[in-house]
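Inspection log for the structure reproduced underneath, given as C-alpha cells.
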Amino acid sequence: MGTLLRIKNLKTHFFSAGRVIRALDGVSFQIEEGEVFGLVGETGCGKSVTALSILRLIPFPPGKIIGGEIHFKGKDLLHLDEDEMRSIRGKEISMIFQEPMTSLNPVFRIGDQMVEVIVLHQRLDRSRASRKVLEMLQRVHIPDADRVMNQYPHQLSGGMRQRVMIAMELSCHPLLLIADEPTTALDVTIQAQILRIIKEMKNELQTSILLITHDLGVIAEMCDRVAVMYAGSIVEEAGVEEIFESPGHPYTQGLWGAIPRVDQERETLSVIPGMVPDLSQLPPGCKFHPRCPYRFAPCDQSTPPLFQISPGHLASCYLYSKGETDG
Amino acid sequence: MDNPLLNVKHLKKYFPVARGWRKEKTFVRAVDGVDFVIRQGETLGLVGESGCGKTTVGRLILKLIEPSDGKILFEGKDLAHLDKKGIRPLRRAFQIIFQDPFASLNPRMTVSEIVGRPMEIHGLVERSQRDEKVCQLLQSVGLMKAHLSRYPHEFSGGQRQRIGIARALATEPRLIVADEPTSALDVSVQAQILNLMKQLQRELGLTYLFISHNISVIRHISDRVAVMYLGKVVEMAQKKALFQSPVHPYTKALLAAVPSLDPKRKRVEVILEGDVPSPINPPSGCRFHTRCRYVLPKCLEEDPFFHQVEGDRWVACHLYSS
Amino acid sequence: MNEAKTMKTTGQTREVWRRLKRNRAAVIGGLIVFLFFFVAILAPVISPYPPNEGDLTKRLKPPCREHPLGTDPLGRDQLSRVIYGARISLQIQVVAVLIALVIGTLLGMVGGYYGGKFDNLIMRLMDILLAFPGIFLAISIIAVLGPGLTNLMLAAGIYSIPQFARIVRGSILSLKEKEFVEAARAVGENDFNILFRYLLPNSMAPMIIQTTLRMATVLLTASGLSFLGLGVQPPTPEWGAMLSTARAYMITAPHVATAPGLAIMLVVMGFNLFGDGLRDSLDPRLRD
C-alpha cells in the first residue's frame with residue numbers, strides 16, 4: 001500500500017484586527033491508501049482548519065495557507081490552479097460535514113442534486129446517473145430510496161440527511177473522504193448506524209478516510225491510526241490501540257483522564273489545569289508547557305520535534321528525547 | 001432510605017400544534033405519563049435521545065412550563081396546580097443549570113447582578129452585603145472576586161457554566177435540575193464541571209436531576225438512572241444494575257450503541273434500525289414496538305405498565321410483566 | 001496584564017466603534033448629524049442676524065458678503081433663518097421620536113411578551129396605522145387637532161409608533177425564548193423585572209438604529225406638513241415653511257428655495273447614513 005496524502009509542515013494563519021491567529025502551526029502527517037486516519041482534539045485545536053486547508057477552502061481573507069506541502073497522489077495541491085483544484089474536490093477528495101443541511105441545497109430534490117453531481121464529475125447521461133443515485137442510496141441503507149429521491153432535504157431526519165451526504169460524496173468513488181464530525185449532531189443510536197455505513201462503504205470502495213472528531217469513542221471504533229492535535233499542532237501520533245493503551249504526550253494523557261467512561265468507575269475525573277492558549281499569543285517552546293505537570297528545562301525554550309516512542313508512535317515531547325541525538 | 005424529595009406522578013405535557021388550513025388541533029405528546037421519585041441527596045440521571053422529552057420533564061418540574069396533567073410533589077406539596085404567584089416563593093428550593101453557557105446569562109448584567117439577583121428576590125441578603133455573599137459563592141465554584149464586575153462575554157464557556165452554577169446555588173436550593181450542563185463544553189472542561197458538581201453535592205447535600213444524552217456522563221454522575229423514549233420512562237434502576245444488566249430492549253440498544261474507548265473491544269452489534277417515530281402520532285401500544293427486536297403481538301395493542309420488577313428496578317415492557 | 005483586562009471589558013463597545021469608524025458613509029453621516037446638533041444648540045451665538053427681523057429694502061438679495069445665502073422676500077437673512085430652522089427641526093424630531101419611542105416600545109414589549117389576544121389587538125391597530133401613507137395619516141391627525149408646532153410633533157410622533165412597536169416586539173419575541181430569560185423566571189423574577197432588566201436592555205441595538213433612522217423620516221414629514229401650511233406657521237423659521245414661502249419666487253430668486261431645501265436634504269441624508277452605519281456595526285448579522 002502506498003501513501004495517498006502526505007502533509008508536511010502545513011501552516012494556515014488567520015489575520016484579523018491586526019492579530020495573527022496561528023490556526024495551523026506546522027502540521028505534518030500522512031494517510032496511507034485504504035486507511036482510516038483519525039484527527040482528534042478540542043475546540044479550536046485546528047482539526048477542521050486542517051480539513052479545509054487540504055481542500056484549499058480556507059476563506060481568504062482572513063485566512064491563508066502560508067507554508068507547507070500537501071502531496072496528494074504525488075501532486076502538491078498547493079501548486080495547483082483553481083480549475084485543477086475544482087476537478088479534485090468532490091471527485092478525488094470528498095468531504096462530509098457535521099450538519100449536512102449546510103451542504104444540501106434546500107430548494108432541490110435529493111435525487112436531482114445527486115444526479116447533478118454525478119453528471120458533472122463522471123460525464124454520465126441523466127438516466128444512467130439517476131440509476132446510479134438510486135443504487136448509492138440503497139447502498140447506504142436508505143429505505144424507500146426512490147421515494148427519498150423525490151424529497152427535499154428538510155423532509156428528512158438528521159440521520160437520513162447524513163446518509164444522503166455519504167451517498168452523494170461517495171458516488172464518485174473518491175480516493176479520500178474527509179469526514180468532519182460526521183456524527184456529532186446525531187443521537188448515539190443513529191451515530192451507530194452512520195458509523196456502520198461509513199465502515200461498509202470504506203471496505204467496498206477502498207476509500208481512505210480522514211475522520212475528524214472530538215469524540216474519542218468514535219475514534220476508537222473507527223480508526224487505524226490517530227493524531228492528537230493541540231493549539232494548531234499535532235502533539236502525538238500512533239496506531240489506535242497503542243494510543244489508547246499507552247498515551248505518551250502529557251496532553252493526550254490528560255485528555256484520556258478527563259473522559260467519563262462507560263466501562264470504568266471513577267469518582268473524580270482528572271483535570272488538565274489552566275486553559276487552551278490564545279492562538280494569537282502562543283507560549284514559546286512547547287505550547288502545552290504552561291499546563292504540563294512534567295515540564296522541565298527545554299520545554300519553554302524550543303518546540304519539541306516529533307520523537308519516536310516506539311515504531312509508529314510519535315510524540316512531540318522532550319520526555320521522549322532520550323536516545324535521540326541532540327539538535 | 002426511601003426519602004423522596006420529589007415525586008412525579010403521571011406527568012404529561014401536550015404541546016398544541018396547528019396543522020394545515022383548517023388549523024385542526026393536534027398535539028405533540030412531548031411527555032406522556034412519566035413517573036419517578038428523586039430521593040434526598042441523590043443524583044437521578046435522566047437519559048434519552050433528542051426529542052424523547054427529557055428536557056420538557058426538567059422544565060415541567062421547575063414549573064417553567066405548565067403540565068397538561070399529573071402531579072409534581074415537592075416535599076409532599078403539589079406544584080402542578082400552583083399558579084405563577086403561588087409558585088414564586090417556592091422557587092428558592094429548586095433551581096436549574098442550563099446547557100448553553102452563552103445563552104443562559106443575561107449579556108447586559110454583571111456577574112455580581114446575575115448571581116446576586118436571586119438572593120435579593122428572595123430577601124436572603126441585605127443590599128450592602130450582596131457582593132460579599134456573591135463573592136463567597138464565586139469562590140466556591142472556582143471563580144474570583146475580581147470577576148464580580150465583569151460581563152458574561154468576557155468569560156470562557158467553562159467559566160460561564162461556573163457562573164450559571166453559582167446563580168443556581170444563590171438561593172440555597174435543595175433540588176437542582178441540570179439540563180445537559182456539559183454538552184456544549186470540551187471534554188477537559190466537562191471534567192472540571194462534573195468534578196465541581198460532585199464536590200458541591202457532597203458539601204451542600206444537594207439533590208440533582210441530571211439530564212443528558214451522553215451516556216458516559218450519566219454513568220459517571222448518577223446514583224440512579226431513568227431512560228426515556230418518546231415521552232415515557234422505559235426503565236429506571238440503580239446505576240450499576242442498569243449498566244450491567246439492562247432489561248428493556250431500548251436500554252440495551254442504547255447502551256450497545258455507545259462506542260467503547262477500548263479499540264480492541266468490538267461493539268456488540270445490537271444496532272437500532274430506523275428513526276424515532278413522531279411524537280405527534282406515536283405508535284399504538286408500546287411506543288418502542290416499531291423498532292423492537294423482541295416484539296410480541298401484545299406490544300402492538302397494549303401500552304405496558306411502568307412497574308417494579310425487582311428491588312429498585314422499574315420497567316415498562318411486556319417481556320417482564322407477569 | 002492589567003491593560004489586557006481593561007481592553008477586554010470595553011471590548012463590545014470598542015468593536016462597535018471600530019466597525020463604525022471603518023465605514024466611511026457612516027462617518028460622513030455622523031459628522032453631518034453632529035454639525036446639525038451643534039448648529040441647532042448654538043443658533044443664537046452663531047447666527048449673524050436675528051431670524052425674524054427683515055430689512056424690506058434688501059428683499060430677495062442673491063448671496064453676497066453680508067448675506068452669504070441671500071435674503072428672503074421680507075429681507076430677512078437666509079443663513080440666520082436656516083440656522084434657527086435647525087433648532088425648530090431638532091425640537092420637532094426629538095419630541096416626536098421620543099413620543100413614538102416610549103409608546104411604541106411599551107406596546108411592543110407588552111404585546112411581544114404576553115402574546116395572545118392583547119398582542120393581536122395591538123398589532124392589528126399598528127397594521128391599520130401602517131396601511132395609511134405616512135403623510136396622509138399625519139394630515140388626518142392635524143385635521144383633527146388643528147395646525148401648529150405641538151400638534152405637528154404629536155402627529156409625527158403618532159405615525160412613528162408602529163415602527164417602534166414592531167421592532168421591539170420582534171426583538172422581545174426572539175429574546176423571551178432565550179435561556180437567560182428562563183433562568184430569570186426560574187429564580188423568581190416577576191414580569192416587570194424580566195421586561196425591564198432582561199428583555200429591554202437586550203433590545204437596545206435595534207431601538208437605537210430605529211431612533212436614528214426615524215429622525216430623518218420625521219424631519220421629512222414635518223417639513224412636508226409645514227410646506228403645506230399644516231405645521232409650523234410663519235414667521236417661525238421652519239425649513240418646510242420657508243420652502244413654501246420661496247415657492248412663489250422659484251424663477252426670479254431660486255436661492256431662496258435652495259437654502260432650506262439643501263438643509264433638509266443634508267440632514268435627512270446624514271441621519272440615514274449614520275443610521276445605516278450604526279445598523280451595520282451594532283449587529284453585523286442584520287446586514288442585507
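Residue numbering restarts at 1 for every chain of the C-alpha cells, chains are lettered A, B, ... in their displayed order, and ligands are numbered from 1 as they appear.
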
Inset, instruction - Select all residues from chain B having any atom no more than 8 Å from an atom of chain A (counting only C-alpha atoms, ignoring ligands), output as a PyMOL selection string. - result: chain B and resi 49-50+186-192+194-195+213+215-217+219-220+253-254+257-264+266-267+271-273+275

Inset, instruction - Select residues of chain C: the criterion is any atom within 12 Å of an atom of chain A, counting only C-alpha atoms; output as JSON, numbers by chain. - result: {"C": [14, 15, 18, 19, 22]}

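Look at Gly285 in chain A: the protein and nucleic acid residues within 10 Å of it, using only C-alpha atoms and passing over chain neighbours fewer than 5 places away, are Pro290, Pro298, Cys299, Asp300, Gln301, Ser302, Thr303 and Pro304 of chain A.
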
Inset, instruction - Once DSSP has gone over the backbone, tell me which residues of range 171-285 of chain B are in strand (DSSP E), as a ChimeraX atom specification. - result: /B:175-179,207-212,224-229,232-238

Using C-alpha atoms, can you export the residues from the last selection as a short mmCIF file (atom, residue, chain, number, x, y, z; two decimals), in the first residue's frame?
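Ended up saving to again.cif:
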data_model
loop_
_atom_site.label_atom_id
_atom_site.label_comp_id
_atom_site.auth_asym_id
_atom_site.auth_seq_id
_atom_site.Cartn_x
_atom_site.Cartn_y
_atom_site.Cartn_z
CA LEU B 175 -33.00 20.34 44.15
CA ILE B 176 -31.04 21.32 41.07
CA VAL B 177 -32.14 20.34 37.60
CA ALA B 178 -29.05 20.22 35.38
CA ASP B 179 -30.13 20.19 31.74
CA THR B 207 -30.05 16.65 45.06
CA TYR B 208 -29.65 16.58 41.29
CA LEU B 209 -31.84 15.69 38.38
CA PHE B 210 -29.14 15.37 35.74
CA ILE B 211 -30.48 15.38 32.19
CA SER B 212 -28.18 14.32 29.39
CA ARG B 224 -29.88 6.04 39.73
CA VAL B 225 -30.75 6.32 36.07
CA ALA B 226 -34.05 6.70 34.21
CA VAL B 227 -34.15 6.03 30.46
CA MET B 228 -36.71 7.90 28.36
CA TYR B 229 -38.07 7.02 24.95
CA LYS B 232 -42.07 7.89 28.56
CA VAL B 233 -39.64 6.43 31.05
CA VAL B 234 -38.99 2.86 29.87
CA GLU B 235 -36.56 1.76 32.55
CA MET B 236 -35.30 3.06 35.86
CA ALA B 237 -32.80 1.41 38.18
CA GLN B 238 -29.71 1.83 40.29
#

Inset, instruction - Residues of chain C near chain B: apply a cut-off of 8 Å, count only C-alpha atoms, and supply the list as a ChimeraX atom specification. - result: /C:8-9,178-183,185-189,198,201-202

Dump of C-alpha atoms for the selected residues, as an mmCIF file, in the first residue's frame:
data_model
loop_
_atom_site.group_PDB
_atom_site.id
_atom_site.type_symbol
_atom_site.label_atom_id
_atom_site.label_comp_id
_atom_site.auth_asym_id
_atom_site.auth_seq_id
_atom_site.Cartn_x
_atom_site.Cartn_y
_atom_site.Cartn_z
ATOM 1 C CA LYS C 8 -11.484 43.225 27.266
ATOM 2 C CA THR C 9 -14.019 44.960 29.488
ATOM 3 C CA LYS C 178 -33.610 32.571 25.387
ATOM 4 C CA GLU C 179 -32.324 30.566 28.307
ATOM 5 C CA PHE C 180 -31.344 33.603 30.343
ATOM 6 C CA VAL C 181 -34.987 34.659 30.446
ATOM 7 C CA GLU C 182 -35.983 31.172 31.522
ATOM 8 C CA ALA C 183 -33.287 31.399 34.168
ATOM 9 C CA ARG C 185 -38.163 33.058 35.736
ATOM 10 C CA ALA C 186 -36.586 30.097 37.489
ATOM 11 C CA VAL C 187 -35.055 32.328 40.153
ATOM 12 C CA GLY C 188 -38.434 34.005 40.656
ATOM 13 C CA GLU C 189 -38.148 37.337 38.820
ATOM 14 C CA TYR C 198 -33.630 41.342 30.898
ATOM 15 C CA PRO C 201 -31.613 46.175 27.712
ATOM 16 C CA ASN C 202 -31.017 43.470 25.149
#

Legend entry - 6 Å contact set for range 31-44 of chain C, only C-alpha atoms, chain neighbours under 6 positions out, as a ChimeraX atom specification: /C:83-84,86-87,270

Legend entry - For Val117 in chain A: contacts at 10 Å, only C-alpha atoms, fewer than 4 positions along chain excluded, given as a list in words: Gly90, Lys91, Asp112, Gln113, His121, Gln122, Arg123, Ala129, Val133, Met168, Glu169, Ser171 and Cys172 of chain A

For the residues in that selection, give me C-alpha atoms as a short mmCIF file (atom, residue, chain, number, x, y, z; two decimals), in the first residue's frame.
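Contents of result-v2.cif, freshly written:
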data_model
loop_
_atom_site.label_atom_id
_atom_site.label_comp_id
_atom_site.auth_asym_id
_atom_site.auth_seq_id
_atom_site.Cartn_x
_atom_site.Cartn_y
_atom_site.Cartn_z
CA GLY A 90 -15.79 16.24 -4.86
CA LYS A 91 -14.24 13.79 -7.29
CA ASP A 112 -31.79 15.99 -8.67
CA GLN A 113 -28.90 17.27 -6.58
CA HIS A 121 -17.89 14.63 -12.42
CA GLN A 122 -18.46 11.39 -14.31
CA ARG A 123 -19.97 12.58 -17.61
CA ALA A 129 -26.76 8.89 -13.40
CA VAL A 133 -28.06 7.58 -7.48
CA MET A 168 -23.54 11.75 -2.62
CA GLU A 169 -19.91 12.17 -1.67
CA SER A 171 -20.90 8.34 -5.64
CA CYS A 172 -17.79 9.50 -7.50
#

Inset, instruction - Would you list, as JSON, numbers by chain, the residues of range 212-304 of chain A that end up in alpha helix (DSSP H) under DSSP run on this structure's backbone? - result: {"A": [216, 217, 218, 219, 220, 221, 222, 240, 241, 242, 243, 244, 245, 250, 251, 252, 253, 254, 255, 256, 257, 258]}

Legend entry - From A:Ile96, A:Leu134, A:Leu24, A:Leu78, residue lying nearest Ala231 in chain A [only C-alpha atoms]: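 Under the stated criterion, the closest residue is A:Leu24.
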
Legend entry - Spatial neighbours of Ala315 in chain A, max dist 6 Å, only C-alpha atoms, sep filter under 6 positions, as number ranges by chain: A: 235-236, 249, 306-307
